[in-house]
Structures are given as C-alpha cells and as structure tokens.
>>> print(open('upload-v8.tsv').read())   # TSV, C-alpha atoms and all ligand atoms
chain	number	residue	atom	x	y	z
A	301	SER	CA	20.02	39.88	-29.84
A	302	SER	CA	18.56	43.30	-29.04
A	303	LYS	CA	15.15	41.67	-28.56
A	304	HIS	CA	16.40	39.97	-25.42
A	305	SER	CA	17.72	43.20	-23.88
A	306	VAL	CA	14.29	44.83	-24.07
A	307	LYS	CA	12.58	44.89	-20.67
A	308	PRO	CA	9.14	43.21	-20.46
A	309	MET	CA	7.49	46.58	-19.74
A	310	GLN	CA	8.80	48.01	-23.01
A	311	LEU	CA	7.61	44.93	-24.85
A	312	ASP	CA	4.11	45.44	-23.46
A	313	LEU	CA	4.07	49.01	-24.75
A	314	ALA	CA	5.10	47.77	-28.17
A	315	ILE	CA	2.11	45.43	-28.11
A	316	LEU	CA	-0.23	48.27	-27.20
A	317	LYS	CA	0.88	50.17	-30.31
A	318	ASP	CA	0.32	47.15	-32.54
A	319	ASP	CA	-3.11	47.79	-34.01
A	320	ARG	CA	-3.36	44.33	-35.55
A	321	LEU	CA	-4.03	42.96	-32.08
A	322	PRO	CA	-6.78	44.16	-29.76
A	323	MET	CA	-5.91	43.98	-26.03
A	324	PRO	CA	-7.34	40.91	-24.28
A	325	GLN	CA	-10.76	41.45	-22.71
A	326	GLN	CA	-11.81	39.36	-19.76
A	327	LYS	CA	-14.00	36.91	-21.69
A	328	LYS	CA	-14.96	33.85	-19.69
A	329	PRO	CA	-16.08	30.31	-20.52
A	330	ILE	CA	-19.79	29.80	-21.04
A	331	LEU	CA	-19.60	26.17	-19.84
A	332	LYS	CA	-18.46	24.84	-16.51
A	333	TYR	CA	-15.88	22.35	-17.70
A	334	ALA	CA	-14.09	19.44	-16.01
A	335	GLY	CA	-10.38	20.19	-16.35
A	336	GLY	CA	-11.07	23.85	-17.18
A	337	LYS	CA	-7.83	25.81	-17.35
A	338	THR	CA	-8.65	29.27	-16.07
A	339	TRP	CA	-5.63	28.99	-13.73
A	340	LEU	CA	-3.32	28.45	-16.72
A	341	ILE	CA	-4.06	31.99	-18.00
A	342	ASP	CA	-1.91	33.39	-15.17
A	343	TYR	CA	1.01	31.23	-16.25
A	344	VAL	CA	1.01	31.52	-20.03
A	345	GLY	CA	-1.58	34.11	-21.08
A	346	LYS	CA	0.71	37.12	-21.37
A	347	GLY	CA	3.58	35.05	-22.73
A	348	ILE	CA	1.47	33.64	-25.57
A	349	TRP	CA	0.14	37.11	-26.25
A	350	ARG	CA	3.63	38.61	-26.44
A	351	ARG	CA	4.97	35.80	-28.61
A	352	LEU	CA	2.16	36.12	-31.17
A	353	ALA	CA	2.45	39.93	-31.21
A	354	ASN	CA	6.09	39.46	-32.15
A	355	THR	CA	5.70	36.69	-34.73
A	356	GLY	CA	2.27	37.51	-36.20
A	357	GLY	CA	1.58	33.78	-35.91
A	358	ARG	CA	-1.62	31.92	-35.09
A	359	TYR	CA	-2.91	30.61	-31.78
A	360	ILE	CA	-3.73	26.91	-32.13
A	361	GLU	CA	-5.66	24.93	-29.50
A	362	PRO	CA	-6.59	21.31	-30.36
A	363	PHE	CA	-8.27	20.46	-26.99
A	364	LEU	CA	-10.48	23.52	-26.60
A	365	GLY	CA	-13.05	22.29	-24.03
A	366	GLY	CA	-14.37	25.29	-22.10
A	367	GLY	CA	-11.84	27.46	-23.95
A	368	ALA	CA	-10.62	29.47	-20.94
A	369	VAL	CA	-7.27	30.47	-22.46
A	370	ALA	CA	-8.58	31.10	-26.01
A	371	LEU	CA	-11.41	33.29	-24.68
A	372	TRP	CA	-8.99	35.32	-22.60
A	373	LEU	CA	-6.69	35.78	-25.60
A	374	SER	CA	-9.54	36.57	-28.04
A	375	LEU	CA	-7.04	36.97	-30.88
A	376	PRO	CA	-8.10	37.51	-34.50
A	377	ASP	CA	-6.08	34.58	-35.78
A	378	MET	CA	-6.97	31.40	-33.90
A	379	ILE	CA	-7.46	27.75	-34.88
A	380	LEU	CA	-9.67	26.06	-32.29
A	381	SER	CA	-10.81	22.47	-32.14
A	382	ASP	CA	-12.09	19.73	-29.88
A	383	LYS	CA	-13.00	16.19	-30.84
A	384	SER	CA	-16.29	16.63	-29.01
A	385	CYS	CA	-18.80	17.67	-31.71
A	386	PRO	CA	-21.46	19.07	-29.34
A	387	ILE	CA	-18.85	21.38	-27.78
A	388	MET	CA	-17.66	22.77	-31.11
A	389	GLU	CA	-21.22	23.00	-32.41
A	390	LEU	CA	-21.97	25.15	-29.37
A	391	TYR	CA	-19.23	27.65	-30.26
A	392	GLN	CA	-20.15	27.77	-33.95
A	393	THR	CA	-23.82	28.28	-33.09
A	394	LEU	CA	-22.99	31.07	-30.63
A	395	VAL	CA	-20.86	32.78	-33.29
A	396	ASP	CA	-23.73	32.50	-35.79
A	397	GLY	CA	-26.45	33.80	-33.46
A	398	PRO	CA	-25.98	34.31	-29.71
A	399	GLY	CA	-29.42	35.91	-29.38
A	400	GLU	CA	-31.19	32.87	-30.84
A	401	VAL	CA	-29.42	30.52	-28.44
A	402	ARG	CA	-30.31	32.74	-25.52
A	403	ALA	CA	-33.98	32.78	-26.61
A	404	ALA	CA	-33.97	28.96	-26.89
A	405	LEU	CA	-32.43	28.73	-23.41
A	406	ILE	CA	-35.17	30.95	-21.98
A	407	LYS	CA	-37.74	28.53	-23.47
A	408	LEU	CA	-36.04	25.55	-21.82
A	409	VAL	CA	-35.94	27.36	-18.48
A	410	SER	CA	-39.68	27.97	-18.81
A	411	ILE	CA	-40.18	24.17	-18.84
A	412	GLY	CA	-38.74	24.25	-15.33
A	413	VAL	CA	-35.53	24.24	-13.34
A	414	ASP	CA	-35.73	21.11	-11.21
A	415	GLU	CA	-34.96	17.40	-11.36
A	416	ASP	CA	-38.01	16.44	-13.48
A	417	ALA	CA	-37.44	19.18	-16.02
A	418	TYR	CA	-33.73	18.30	-16.13
A	419	TYR	CA	-34.40	14.69	-17.15
A	420	THR	CA	-37.04	15.81	-19.65
A	421	VAL	CA	-34.50	18.11	-21.31
A	422	ARG	CA	-31.73	15.51	-21.07
A	423	GLY	CA	-33.94	12.85	-22.71
A	424	ASP	CA	-34.78	14.97	-25.73
A	425	VAL	CA	-31.99	15.94	-28.14
A	426	PRO	CA	-33.29	18.77	-30.39
A	427	ARG	CA	-32.88	18.56	-34.15
A	428	THR	CA	-31.40	22.04	-34.63
A	429	PRO	CA	-27.94	23.35	-33.62
A	430	VAL	CA	-29.58	26.24	-31.73
A	431	GLY	CA	-31.78	23.81	-29.78
A	432	ARG	CA	-28.90	21.46	-28.98
A	433	THR	CA	-26.68	24.33	-27.87
A	434	ALA	CA	-29.32	25.78	-25.56
A	435	ARG	CA	-29.88	22.26	-24.13
A	436	LEU	CA	-26.16	21.85	-23.46
A	437	ILE	CA	-25.96	25.13	-21.56
A	438	TYR	CA	-29.11	24.25	-19.60
A	439	LEU	CA	-27.79	20.79	-18.60
A	440	ASN	CA	-24.32	22.14	-17.85
A	441	ARG	CA	-25.63	24.47	-15.15
A	442	LEU	CA	-27.77	21.84	-13.42
A	443	ASP	CA	-25.78	18.65	-13.75
A	444	TYR	CA	-23.56	17.05	-11.20
A	445	ASN	CA	-20.33	19.10	-10.85
A	446	GLY	CA	-20.92	20.86	-14.18
A	447	LEU	CA	-19.37	17.80	-15.73
A	448	TYR	CA	-19.52	17.03	-19.43
A	449	ARG	CA	-19.55	13.25	-19.83
A	450	VAL	CA	-20.87	10.90	-22.51
A	451	ASN	CA	-21.52	7.14	-22.62
A	452	LYS	CA	-20.14	4.79	-25.26
A	453	ALA	CA	-22.92	5.86	-27.63
A	454	GLY	CA	-21.88	9.50	-27.26
A	455	GLU	CA	-24.97	10.43	-25.23
A	456	PHE	CA	-24.71	12.97	-22.45
A	457	ASN	CA	-25.30	11.00	-19.24
A	458	VAL	CA	-24.50	13.14	-16.21
A	459	PRO	CA	-27.16	13.01	-13.45
A	460	TYR	CA	-28.96	16.00	-11.93
A	461	ASP	CA	-27.12	17.75	-9.11
A	462	LYS	CA	-29.55	17.39	-6.20
A	463	SER	CA	-27.52	19.68	-3.97
A	464	LYS	CA	-27.92	22.60	-6.34
A	465	LYS	CA	-29.54	25.67	-4.75
A	466	ILE	CA	-32.09	27.05	-7.20
A	467	PRO	CA	-32.59	30.84	-6.90
A	468	LYS	CA	-36.10	32.39	-7.13
A	469	ASP	CA	-35.15	34.06	-10.39
A	470	THR	CA	-34.12	30.83	-12.12
A	471	MET	CA	-32.48	32.66	-15.04
A	472	LYS	CA	-29.78	33.78	-12.55
A	473	LEU	CA	-28.35	30.25	-12.73
A	474	PHE	CA	-27.54	30.63	-16.40
A	475	PRO	CA	-24.99	32.76	-18.24
A	476	ASN	CA	-26.28	36.23	-19.12
A	477	LEU	CA	-26.56	37.71	-22.60
A	478	GLY	CA	-23.18	39.44	-22.26
A	479	ARG	CA	-21.50	36.07	-21.82
A	480	PHE	CA	-23.15	34.83	-25.04
A	481	TRP	CA	-21.93	37.86	-26.99
A	482	GLY	CA	-18.48	37.49	-25.44
A	483	ILE	CA	-18.13	34.11	-27.14
A	484	GLN	CA	-19.44	35.60	-30.38
A	485	GLN	CA	-16.85	38.39	-30.36
A	486	ALA	CA	-13.95	36.23	-29.23
A	487	PHE	CA	-14.47	33.44	-31.76
A	488	ALA	CA	-16.06	35.28	-34.72
A	489	ASN	CA	-12.81	35.26	-36.70
A	490	ALA	CA	-11.48	31.95	-35.43
A	491	GLU	CA	-11.36	28.81	-37.54
A	492	LEU	CA	-13.43	26.22	-35.68
A	493	PHE	CA	-13.00	22.49	-36.23
A	494	SER	CA	-14.11	19.32	-34.54
A	495	CYS	CA	-11.57	16.59	-35.13
A	496	ASP	CA	-8.74	14.58	-33.65
A	497	PHE	CA	-5.80	16.66	-32.37
A	498	ALA	CA	-3.42	15.26	-35.00
A	499	ASN	CA	-5.20	17.08	-37.84
A	500	ILE	CA	-4.89	20.34	-35.92
A	501	CYS	CA	-1.26	19.95	-34.82
A	502	ARG	CA	-0.31	19.41	-38.46
A	503	LEU	CA	-1.55	22.93	-39.32
A	504	ALA	CA	1.10	24.50	-37.08
A	505	GLY	CA	4.10	26.27	-38.58
A	506	GLU	CA	6.67	29.01	-38.07
A	507	GLY	CA	5.63	31.61	-35.49
A	508	ASP	CA	2.48	29.79	-34.33
A	509	VAL	CA	1.78	28.85	-30.72
A	510	VAL	CA	0.16	25.48	-29.95
A	511	LEU	CA	-1.43	24.95	-26.53
A	512	ALA	CA	-2.29	21.28	-25.89
A	513	ASP	CA	-4.37	20.47	-22.81
A	514	PRO	CA	-5.47	16.84	-23.29
A	515	PRO	CA	-7.32	14.69	-20.76
A	516	TYR	CA	-4.56	13.89	-18.24
A	517	VAL	CA	-2.97	10.42	-18.06
A	518	SER	CA	-4.72	8.07	-15.64
A	519	ALA	CA	-7.53	10.55	-15.12
A	520	TYR	CA	-11.05	11.37	-16.25
A	521	ASP	CA	-11.35	10.89	-20.04
A	522	GLN	CA	-15.06	10.45	-20.84
A	523	TYR	CA	-15.34	13.76	-22.70
A	524	THR	CA	-15.82	11.72	-25.89
A	525	GLU	CA	-17.05	8.17	-26.48
A	526	ASP	CA	-13.51	7.05	-27.40
A	527	GLY	CA	-11.79	8.20	-24.21
A	528	PHE	CA	-8.08	9.07	-24.25
A	529	HIS	CA	-5.49	6.35	-23.80
A	530	ASP	CA	-1.72	5.93	-23.43
A	531	ALA	CA	-1.41	5.43	-27.19
A	532	ASP	CA	-3.13	8.78	-27.71
A	533	HIS	CA	-0.68	10.44	-25.34
A	534	ALA	CA	2.20	8.97	-27.31
A	535	ARG	CA	0.66	10.16	-30.60
A	536	LEU	CA	0.18	13.62	-29.13
A	537	ALA	CA	3.77	13.95	-27.95
A	538	GLU	CA	4.94	12.94	-31.42
A	539	GLU	CA	2.61	15.40	-33.23
A	540	LEU	CA	3.77	18.21	-30.94
A	541	ARG	CA	7.40	17.32	-31.61
A	542	ILE	CA	6.73	17.61	-35.36
A	543	ALA	CA	4.95	20.96	-34.90
A	544	TYR	CA	7.95	22.19	-32.89
A	545	GLU	CA	10.28	21.17	-35.71
A	546	ALA	CA	8.01	23.07	-38.10
A	547	GLY	CA	8.77	26.24	-36.10
A	548	ALA	CA	5.86	26.46	-33.67
A	549	THR	CA	6.14	27.22	-29.96
A	550	ILE	CA	4.61	24.37	-27.93
A	551	ILE	CA	2.93	24.45	-24.54
A	552	ALA	CA	1.45	21.21	-23.24
A	553	ASN	CA	0.23	20.19	-19.87
A	554	ASN	CA	-0.43	16.87	-18.25
A	555	ALA	CA	-0.17	14.94	-15.00
A	556	ASP	CA	3.32	14.50	-13.58
A	557	SER	CA	4.33	10.92	-14.27
A	558	PRO	CA	7.43	9.09	-15.52
A	559	PHE	CA	5.42	8.08	-18.62
A	560	VAL	CA	4.65	11.71	-19.53
A	561	ARG	CA	8.21	12.87	-18.79
A	562	GLU	CA	9.55	10.20	-21.11
A	563	LEU	CA	7.11	11.04	-23.93
A	564	TYR	CA	8.29	14.64	-23.84
A	565	ASP	CA	12.00	14.01	-23.37
A	566	TRP	CA	12.53	15.93	-26.65
A	567	ALA	CA	11.04	19.11	-25.16
A	568	PRO	CA	13.53	21.72	-23.88
A	569	HIS	CA	11.58	22.42	-20.66
A	570	ILE	CA	9.48	20.13	-18.48
A	571	LEU	CA	8.41	22.00	-15.37
A	572	THR	CA	6.17	21.18	-12.44
A	573	ALA	CA	3.51	23.82	-11.80
A	574	ALA	CA	5.57	24.85	-8.74
A	575	GLU	CA	8.68	25.35	-10.87
A	576	ALA	CA	6.65	27.32	-13.40
A	577	ARG	CA	5.35	29.45	-10.55
A	578	ALA	CA	8.89	30.34	-9.53
A	579	ILE	CA	9.43	31.80	-13.01
A	580	ASN	CA	6.04	33.45	-13.26
A	581	SER	CA	5.07	35.60	-10.28
A	582	ASP	CA	1.46	36.00	-11.50
A	583	GLY	CA	0.70	32.34	-10.79
A	584	GLU	CA	-0.02	32.48	-7.10
A	585	GLY	CA	-0.30	28.81	-6.35
A	586	ARG	CA	-3.81	28.46	-7.65
A	587	GLY	CA	-4.65	25.30	-9.59
A	588	GLY	CA	-2.55	22.70	-11.31
A	589	VAL	CA	-0.94	21.48	-8.12
A	590	ASP	CA	0.60	18.24	-9.32
A	591	CYS	CA	0.78	18.82	-13.03
A	592	LEU	CA	3.52	19.43	-15.56
A	593	ILE	CA	3.87	22.35	-17.92
A	594	ILE	CA	5.91	21.32	-20.94
A	595	THR	CA	7.22	24.05	-23.21
A	596	THR	CA	9.71	24.62	-25.96
A	597	ASP	CA	10.29	28.21	-24.85
A	598	LEU	CA	10.52	29.55	-21.29
A	599	GLU	CA	9.61	33.05	-22.47
A	600	VAL	CA	5.96	32.03	-22.75
A	601	LEU	CA	6.00	31.74	-18.95
A	602	GLY	CA	7.21	35.33	-18.58
A	603	THR	CA	4.94	37.96	-17.07
B	1	LIG	C1	-8.77	18.80	-20.20
B	1	LIG	S1	-10.03	19.07	-21.42
B	1	LIG	C2	-9.58	20.68	-22.07
B	1	LIG	C3	-10.00	21.78	-21.12
B	1	LIG	C4	-9.78	23.21	-21.64
B	1	LIG	N1	-8.36	23.53	-21.73
B	1	LIG	C5	-10.49	24.22	-20.77
B	1	LIG	O1	-9.88	25.20	-20.29
B	1	LIG	O2	-11.69	24.05	-20.54
B	1	LIG	C6	-9.59	17.95	-22.70
B	1	LIG	C7	-10.44	18.03	-23.98
B	1	LIG	O3	-9.91	17.11	-24.94
B	1	LIG	C8	-10.97	16.68	-25.80
B	1	LIG	N2	-10.52	15.47	-26.51
B	1	LIG	C9	-10.54	14.18	-26.10
B	1	LIG	N3	-9.95	13.37	-27.03
B	1	LIG	C10	-9.55	14.17	-28.05
B	1	LIG	C11	-8.87	13.96	-29.30
B	1	LIG	N4	-8.47	12.72	-29.67
B	1	LIG	N5	-8.59	15.02	-30.09
B	1	LIG	C12	-8.99	16.27	-29.72
B	1	LIG	N6	-9.65	16.54	-28.56
B	1	LIG	C13	-9.93	15.51	-27.73
B	1	LIG	C14	-12.13	16.50	-24.84
B	1	LIG	O4	-13.37	16.58	-25.52
B	1	LIG	C15	-11.90	17.65	-23.83
B	1	LIG	O5	-12.69	18.77	-24.17
>>> encode(input="upload-v8.tsv", output="structure tokens")
Amino acid sequence: SSKHSVKPMQLDLAILKDDRLPMPQQKKPILKYAGGKTWLIDYVGKGIWRRLANTGGRYIEPFLGGGAVALWLSLPDMILSDKSCPIMELYQTLVDGPGEVRAALIKLVSIGVDEDAYYTVRGDVPRTPVGRTARLIYLNRLDYNGLYRVNKAGEFNVPYDKSKKIPKDTMKLFPNLGRFWGIQQAFANAELFSCDFANICRLAGEGDVVLADPPYVSAYDQYTEDGFHDADHARLAEELRIAYEAGATIIANNADSPFVRELYDWAPHILTAAEARAINSDGEGRGGVDCLIITTDLEVLGT
C-alpha cells in the first residue's frame, strides 16, 4: 500500500501536523522501580507513537510499575493499570493534587532522613491517599536499591539502604515539584485501574497498542503479595493472543527461555534484544541484555 512507501521522516512530519496528539515530552518516572523499562523507550517509543497516530487507538499498559514508557508517551488516550494498589493509588493521588503530595513529603522529610526516621515512616501507614503516597515516595528514595517489595500480607518490607549518601539539603534526594506535575500532566486524561492484567487485556481492540512488561520468568516477583508464576505467564500469553485477534498490536517482553518462546509461538516476531537492536538503531545496547521482545508488528521497532 502507499502507506508502506512513505519514508519514516515523512511519517514523522504527518504526526507533527496531527493536533490530536501532543509531541512527547521527556516525562520521567517518579519512583525508582525494579525492572524499570526506561531502556525500552529507545526500542519501541517512536514506533508506538507512530502506530497510534495512524490508528487513533489507545495505549494500554497492564503492568505499569514505574511507568517509564507511558510517561514518555504522555498520550491523551491511555489505559494504565498495575495489580499493586499502592502504586496505582500513587498515580491517582498525584493526578488529583501533586502539590498536596509534595507538601506531605516535605513534612515526612522534616521528621528526618536517616535510618531511624526511615523505620518510623515505614512502620506507620497513613490513613489518607495523600499521606500514603508521600510515604511511598519517601521510602522509595531511601530503601535498599529503590526496590518495591511486599511480604505475604502486602506490607512494604524493604530495609533502609545504609550506603546511601545523604546530602546536606535533604530535599535534594527527592523528586522536585516539576516531576510531580509531570505525572499530573501525563496521566490526567488516562484511565487508571488497579487489577489483574486479564481485565485490562480484554479492553483492547482494533488499532490499540498493548505493552505488557510482566515480572520476568524465574526472576524477582514480590511486587505484589501473590507473586507471578508460570501459570500467570501462560494466562498472559493467552490474553495477549486474544487481544491480537481483536485487532490490537502487541508488544511483550520477558526473559529469554524455551518456556517463554513456546508460550508466544503464536506471535509473528520473537526477537532477542540484540536482534531488536539490529532493526532499531536508537537502541544502543543499553539494558535488556538477555531478554526477549515479542511483537505482532515489526514496525513498532522502527525509528
Ligand atoms: C517488571 S514490572 C513493570 C515495570 C514497568 N514497565 C516500568 O517501566 O517501571 C512488573 C509489574 O507487574 C505488576 N504485577 C504483578 N502481578 C500482576 C498481575 N497479575 N496483573 C497486573 N500487574 C501485575 C507488578 O506490581 C509490577 O509493577
């Protein structure tokens, strides 16, 4: 078709003229997140952008976490979800009132920024969404490896990071007000949910793009009290297959293993990150060394 003879540069200009879509701003995650996918933006960011500009479809992300890709895209029509309630409460609360969260964070910082204060804050879960959100941001900047981990009761249980260098101006450790407002702007029009991925995948239809970044097989999975098991991986592959049949473009990533390759044997393209890099010259070997990028459409890897 004529669409395929258009050079990428011309496509980009067409996007610029499309006033339904603002150009992506460099909005960054507010949380440090285990398994954060900032590196994936280089591989699929522009491709997702171009696809949605052409179809007018929705961006759907069922494993949002730190939200690196969704924040970069900042599209008006996004469906974002994560099974972790505290994480999604954080985004909803920042959309509702970034200034209030920032004020609550300043109060927590005034308690102190050291090991004692950390365990005081960790031991006390506030009763309001604003309080809980500020607490999460506080703990996230001081905990070991910026990890988000819960025990079987769903309680945040990461220890204090003793090696952390605390600056004189302790507020410097925490995201600034611009970062708070960045989340507000990026997600203000998004539909935010907190549920299992299956409920989100089933919303996908013609012209939509689904990006699925689950906890990897045989890797860290204590983001939620239930963990993420082989049966969940099988369920996910099946839900994504159904979304693909409903007309959505699918991008999934996971560890490279025979199990994963078999689950996605229905997908047109299963690439190692190195193979994806060969297609996409923006991905300069950063991140995702041993992982797979599974997609139903190679064009989303285009630059
Ligand atoms: C690898 S992380 C996603 C990281 C994200 N792409 C980023 O850039 O920060 C996987 C996420 O899956 C979520 N999760 C675990 N089980 C889930 C389930 N059954 N349904 C939806 N989300 C789930 C976890 O809470 C975690 O945030």
>>> residues_around(input="upload-v8.tsv", residues="A:Ala548", least_positions_apart="3", cutoff="10 Å", atoms="only C-alpha atoms", output="MDAnalysis selection string")
chainID A and resid 357:360 501 503:510 540:545 551 596
>>> residues_near_ligand(input="upload-v8.tsv", ligand="ligand LIG 1 (chain B)", cutoff="9 Å", atoms="all atoms listed in the file", output="mmCIF file with C-alpha atoms, keeping the file's coordinate frame")
data_model
loop_
_atom_site.group_PDB
_atom_site.id
_atom_site.type_symbol
_atom_site.label_atom_id
_atom_site.label_comp_id
_atom_site.auth_asym_id
_atom_site.auth_seq_id
_atom_site.Cartn_x
_atom_site.Cartn_y
_atom_site.Cartn_z
ATOM 1 C CA PRO A 329 -16.080 30.310 -20.520
ATOM 2 C CA LEU A 331 -19.600 26.170 -19.840
ATOM 3 C CA LYS A 332 -18.460 24.840 -16.510
ATOM 4 C CA TYR A 333 -15.880 22.350 -17.700
ATOM 5 C CA ALA A 334 -14.090 19.440 -16.010
ATOM 6 C CA GLY A 335 -10.380 20.190 -16.350
ATOM 7 C CA GLY A 336 -11.070 23.850 -17.180
ATOM 8 C CA LYS A 337 -7.830 25.810 -17.350
ATOM 9 C CA THR A 338 -8.650 29.270 -16.070
ATOM 10 C CA TRP A 339 -5.630 28.990 -13.730
ATOM 11 C CA LEU A 340 -3.320 28.450 -16.720
ATOM 12 C CA GLU A 361 -5.660 24.930 -29.500
ATOM 13 C CA PRO A 362 -6.590 21.310 -30.360
ATOM 14 C CA PHE A 363 -8.270 20.460 -26.990
ATOM 15 C CA LEU A 364 -10.480 23.520 -26.600
ATOM 16 C CA GLY A 365 -13.050 22.290 -24.030
ATOM 17 C CA GLY A 366 -14.370 25.290 -22.100
ATOM 18 C CA GLY A 367 -11.840 27.460 -23.950
ATOM 19 C CA ALA A 368 -10.620 29.470 -20.940
ATOM 20 C CA VAL A 369 -7.270 30.470 -22.460
ATOM 21 C CA ALA A 370 -8.580 31.100 -26.010
ATOM 22 C CA SER A 381 -10.810 22.470 -32.140
ATOM 23 C CA ASP A 382 -12.090 19.730 -29.880
ATOM 24 C CA LYS A 383 -13.000 16.190 -30.840
ATOM 25 C CA SER A 384 -16.290 16.630 -29.010
ATOM 26 C CA CYS A 385 -18.800 17.670 -31.710
ATOM 27 C CA ILE A 387 -18.850 21.380 -27.780
ATOM 28 C CA TYR A 448 -19.520 17.030 -19.430
ATOM 29 C CA SER A 494 -14.110 19.320 -34.540
ATOM 30 C CA CYS A 495 -11.570 16.590 -35.130
ATOM 31 C CA ASP A 496 -8.740 14.580 -33.650
ATOM 32 C CA PHE A 497 -5.800 16.660 -32.370
ATOM 33 C CA ALA A 498 -3.420 15.260 -35.000
ATOM 34 C CA ASN A 499 -5.200 17.080 -37.840
ATOM 35 C CA ILE A 500 -4.890 20.340 -35.920
ATOM 36 C CA LEU A 511 -1.430 24.950 -26.530
ATOM 37 C CA ALA A 512 -2.290 21.280 -25.890
ATOM 38 C CA ASP A 513 -4.370 20.470 -22.810
ATOM 39 C CA PRO A 514 -5.470 16.840 -23.290
ATOM 40 C CA PRO A 515 -7.320 14.690 -20.760
ATOM 41 C CA TYR A 516 -4.560 13.890 -18.240
ATOM 42 C CA TYR A 520 -11.050 11.370 -16.250
ATOM 43 C CA ASP A 521 -11.350 10.890 -20.040
ATOM 44 C CA GLN A 522 -15.060 10.450 -20.840
ATOM 45 C CA TYR A 523 -15.340 13.760 -22.700
ATOM 46 C CA THR A 524 -15.820 11.720 -25.890
ATOM 47 C CA GLU A 525 -17.050 8.170 -26.480
ATOM 48 C CA ASP A 526 -13.510 7.050 -27.400
ATOM 49 C CA GLY A 527 -11.790 8.200 -24.210
ATOM 50 C CA PHE A 528 -8.080 9.070 -24.250
ATOM 51 C CA HIS A 529 -5.490 6.350 -23.800
ATOM 52 C CA ASP A 532 -3.130 8.780 -27.710
ATOM 53 C CA LEU A 536 0.180 13.620 -29.130
ATOM 54 C CA ASN A 554 -0.430 16.870 -18.250
#
>>> atom_distance(input="upload-v8.tsv", atom1="atom CA of A:Glu455", atom2="atom CA of A:Leu492")
22.2 Å
>>> atom_distance(input="upload-v8.tsv", atom1="atom CA of A:Phe474", atom2="atom CA of A:Gln326")
18.3 Å
>>> closest_residue(input="upload-v8.tsv", among="A:Leu601, A:Ala555, A:Leu380, A:Val560", to="A:Glu575", atoms="all atoms listed in the file")
A:Leu601
>>> closest_residue(input="upload-v8.tsv", among="A:Glu539, A:Thr549, A:Arg449, A:Lys462", to="A:Arg502", atoms="only C-alpha atoms")
A:Glu539
>>> residues_around(input="upload-v8.tsv", residues="A:Ile330", least_positions_apart="2", cutoff="7 Å", atoms="all atoms listed in the file", output="PyMOL selection string")
chain A and resi 328+332+475+479
>>> residues_around(input="upload-v8.tsv", residues="A:Thr433", least_positions_apart="4", cutoff="8 Å", atoms="only C-alpha atoms", output="PyMOL selection string")
chain A and resi 386+389-390+393+401+429+437
>>> closest_residue(input="upload-v8.tsv", among="A:Glu400, A:Asp414, A:Asp443, A:Asp565", to="A:Thr428", atoms="only C-alpha atoms")
A:Glu400
>>> residues_around(input="upload-v8.tsv", residues="A:Ile348", least_positions_apart="2", cutoff="9 Å", atoms="only C-alpha atoms", output="JSON, numbers by chain")
{"A": [344, 345, 346, 350, 351, 352, 353, 359, 373, 509, 599, 600, 601]}
>>> write_last_selection(input="upload-v8.tsv", atoms="C-alpha atoms", output="PDB file, keeping the file's coordinate frame")
ATOM      1  CA  VAL A 344       1.010  31.520 -20.030  1.00  0.00           C
ATOM      2  CA  GLY A 345      -1.580  34.110 -21.080  1.00  0.00           C
ATOM      3  CA  LYS A 346       0.710  37.120 -21.370  1.00  0.00           C
ATOM      4  CA  ARG A 350       3.630  38.610 -26.440  1.00  0.00           C
ATOM      5  CA  ARG A 351       4.970  35.800 -28.610  1.00  0.00           C
ATOM      6  CA  LEU A 352       2.160  36.120 -31.170  1.00  0.00           C
ATOM      7  CA  ALA A 353       2.450  39.930 -31.210  1.00  0.00           C
ATOM      8  CA  TYR A 359      -2.910  30.610 -31.780  1.00  0.00           C
ATOM      9  CA  LEU A 373      -6.690  35.780 -25.600  1.00  0.00           C
ATOM     10  CA  VAL A 509       1.780  28.850 -30.720  1.00  0.00           C
ATOM     11  CA  GLU A 599       9.610  33.050 -22.470  1.00  0.00           C
ATOM     12  CA  VAL A 600       5.960  32.030 -22.750  1.00  0.00           C
ATOM     13  CA  LEU A 601       6.000  31.740 -18.950  1.00  0.00           C
TER      14      LEU A 601
END
>>> build_atoms(input="upload-v8.tsv", residues="stretch 526-530 of chain A", atoms="all heavy atoms", output="CSV table (one decimal), in the coordinates of the input")
chain,number,residue,atom,x,y,z
A,526,ASP,N,-14.7,7.8,-27.2
A,526,ASP,CA,-13.5,7.0,-27.4
A,526,ASP,C,-12.6,7.1,-26.2
A,526,ASP,O,-11.6,6.3,-26.1
A,526,ASP,CB,-12.7,7.5,-28.6
A,526,ASP,CG,-13.6,7.3,-29.9
A,526,ASP,OD1,-14.4,6.4,-29.9
A,526,ASP,OD2,-13.4,8.1,-30.8
A,527,GLY,N,-12.7,8.1,-25.3
A,527,GLY,CA,-11.8,8.2,-24.2
A,527,GLY,C,-10.4,8.7,-24.7
A,527,GLY,O,-10.3,9.1,-25.9
A,528,PHE,N,-9.4,8.6,-23.9
A,528,PHE,CA,-8.1,9.1,-24.2
A,528,PHE,C,-7.1,8.2,-23.6
A,528,PHE,O,-7.0,8.1,-22.3
A,528,PHE,CB,-7.9,10.5,-23.8
A,528,PHE,CG,-6.9,11.3,-24.7
A,528,PHE,CD1,-7.2,11.8,-25.9
A,528,PHE,CD2,-5.5,11.4,-24.2
A,528,PHE,CE1,-6.3,12.5,-26.7
A,528,PHE,CE2,-4.6,12.1,-25.0
A,528,PHE,CZ,-5.0,12.6,-26.2
A,529,HIS,N,-6.3,7.4,-24.3
A,529,HIS,CA,-5.5,6.4,-23.8
A,529,HIS,C,-4.0,6.6,-23.9
A,529,HIS,O,-3.6,7.6,-24.6
A,529,HIS,CB,-5.9,5.0,-24.5
A,529,HIS,CG,-7.4,4.8,-24.6
A,529,HIS,ND1,-8.1,4.5,-23.4
A,529,HIS,CD2,-8.3,5.0,-25.6
A,529,HIS,CE1,-9.4,4.4,-23.8
A,529,HIS,NE2,-9.5,4.7,-25.0
A,530,ASP,N,-3.2,5.7,-23.4
A,530,ASP,CA,-1.7,5.9,-23.4
A,530,ASP,C,-1.2,6.1,-24.9
A,530,ASP,O,-0.4,6.9,-25.1
A,530,ASP,CB,-1.0,4.8,-22.8
A,530,ASP,CG,-1.1,4.8,-21.2
A,530,ASP,OD1,-1.7,5.8,-20.7
A,530,ASP,OD2,-0.5,3.9,-20.6
